[in-house]
Amino acid sequence: MRIFLKFGLPWAFSLGIVFFIGLKLGKKEEVSPLLTRISSQVESTTPNKKEISIISPGLIPQNQTTTQNSSDIVNSPPLPPNLIRIMKGGGVLERMGSYLDALRSMDSTNVQDVVGAFEALPAGYGRHLEMKLLMRSWSAINPESALEYALKNLDEKSERRFGVSEALAGWATQNPDSALAWAKANNQKNSPEDNPYILGVIKGVAESDLDAANRRMLDLPSGNAKWQSATFLAQEYAKRSTGEAIIWANQFPNRDPRLRETILGQIGARVARQDLQATANWVENMALEPASKRIMDNLLTQWVAQSPENASNWISEMKGGEHQQYAMQQLTSRWSLVDPVSTAKWLNSFPPSPSLDPVVGEFVNRISGRDPEGAAGWALSIMDPEARQKAINKVMNTWSKVDPERSKAWLQENQSTP
């Protein structure tokens with residue numbers, strides 16, 4: 001033990017010191033070459049700052065693979081800093097923020113700069129928002145120049161109509177008569193009643209006075225321009241309260257029954273999503289016409305998806321007549337697809353009558369594919385002989401293909417012939 005303390009312990013301590021020094025020196029020799037290689041790779045792949053152009057990468061030919069000499073580079077005219085950020089193609093938020101900055105400062109002296117920034121964006125539907133902002137800002141400065149640009153430079157298939165419409169809308173917010181005069185004067189390809197530029201004027205007027213836009217729409221001759229404008233106004237009135245939308249729809253003229261049916265159907269679909277009961281009260285007090293039928297269809301589509309039982313209770317409490325019959329037929333058509341058992345139970349609560357025949361016929365049509373024997377039984381309850389035989393024939397046509405023996409036996413039991 002004494003020998004170990006005298007000779008072994010100092011020897012072990014000296015060995016540890018030598019190992020530690022060697023380890024530290026070895027790390028320095030190994031790391032330095034690696035750092036040198038990484039540094040040289042970074043330097044070789046880092047572009048020369050002098051060779052970076054302010055031209056957007058999207059404007060550089062895709063087949064350009066070699067580095068040009070600085071003497072061969074043709075720089076674009078200098079742009080404002082905010083537009084340079086756009087041209088360099090940052091993220092969506094950064095691009096939009098810079099673009100908005102440029103639009104806010106847009107005036108007659110820098111219009112072409114902003115247009116250049118817009119044109120650097122990929123053409124097509126993806127830049128419609130930027131196009132709308134450009135056309136609106138430009139129309140506040142020089143609407144005719146904005147429209148000339150849209151007609152000559154925007155893509156006819158994906159951009160031109162939208163760009164012209166937005167420029168006219170911006171113009172119409174300030175001077176609707178002048179915008180309308182331009183729309184009429186430049187409509188060279190379509191008849192006056194199909195003028196595609198009218199919608200832009202109606203949009204612009206509607207932004208400040210929806211009722212004024214409605215009066216202009218009503219003064220239009222029947223045609224595509226009126227259809228487009230009325231459809232747009234239906235969307236705008238539907239954004240108001242349910243009561244205001246219904247009042248506007250009730251006042252819609254019936255000079256064009258097809259247009260009235262379409263527009264009231266659109267209003268009905270929108271208000272039904274907001275207030276089922278208000279829509280039900282509205283249609284119940286309307287005269288039976290194509291427009292009221294369209295509203296009923298849209299109402300029951302929404303109601304069956306939410307609560308068909310409540311819809312059936314409302315119809316059961318109606319005063320009868322053609323309104324109730326049509327409502328029963330439409331509810332049966334929809335409800336039987338999701339719950340034929342509950343639909344049959346509801347129909348059984350009504351006594352057989354000639355007015356119920358169309359409703360039962362609708363039920364037979366809906367269930368004949370899934371339950372032909374049940375459908376045949378319901379067909380027998382139809383009171384009108386001709387309608388009853390027609391319903392039975394339709395069931396037999398389906399049933400005989402899947403179970404000919406049973407369908408033939410049913411006919412023999414019920415003494416009916418197809």
# chains A, B, ... in the order shown; residues from 1 in each chain; ligands from 1

$ residues_around --residues "Ala146 of chain A" --least-positions-apart "4" --cutoff "9 Å" --atoms "only C-alpha atoms" --output "PyMOL selection string"
chain A and resi 134-136+138-139+141-142+150-151+163-164+167

$ residues_around --residues "segment 380-387 of chain A" --least-positions-apart "4" --cutoff "7 Å" --atoms "only C-alpha atoms" --output "list of chain:residue names"
A:Ser353, A:Pro354, A:Asp357, A:Val360, A:Ala376, A:Ala391

$ write_last_selection --atoms "C-alpha atoms" --output "short mmCIF file (atom, residue, chain, number, x, y, z; two decimals), in the first residue's frame"
data_model
loop_
_atom_site.label_atom_id
_atom_site.label_comp_id
_atom_site.auth_asym_id
_atom_site.auth_seq_id
_atom_site.Cartn_x
_atom_site.Cartn_y
_atom_site.Cartn_z
CA SER A 353 -109.29 12.41 -50.21
CA PRO A 354 -108.81 13.35 -53.85
CA ASP A 357 -103.83 11.68 -54.10
CA VAL A 360 -99.61 9.72 -51.81
CA ALA A 376 -98.05 -1.00 -53.80
CA ALA A 391 -99.02 4.38 -59.52
#

$ closest_residue --among "A:Gly204, A:Gly377, A:Pro176, A:Gly223" --to "Pro192 of chain A" --atoms "only C-alpha atoms"
A:Gly223

$ residues_around --residues "Glu130 of chain A" --least-positions-apart "5" --cutoff "9 Å" --atoms "only C-alpha atoms" --output "list in words"
Met96, Tyr99, Leu100, Phe118, Leu121 and Met135 of chain A

$ atom_distance --atom1 "atom CA of Trp248 of chain A" --atom2 "atom CA of Leu199 of chain A"
19.0 Å

$ atom_distance --atom1 "atom CA of Lys132 of chain A" --atom2 "atom CA of Lys157 of chain A"
16.3 Å
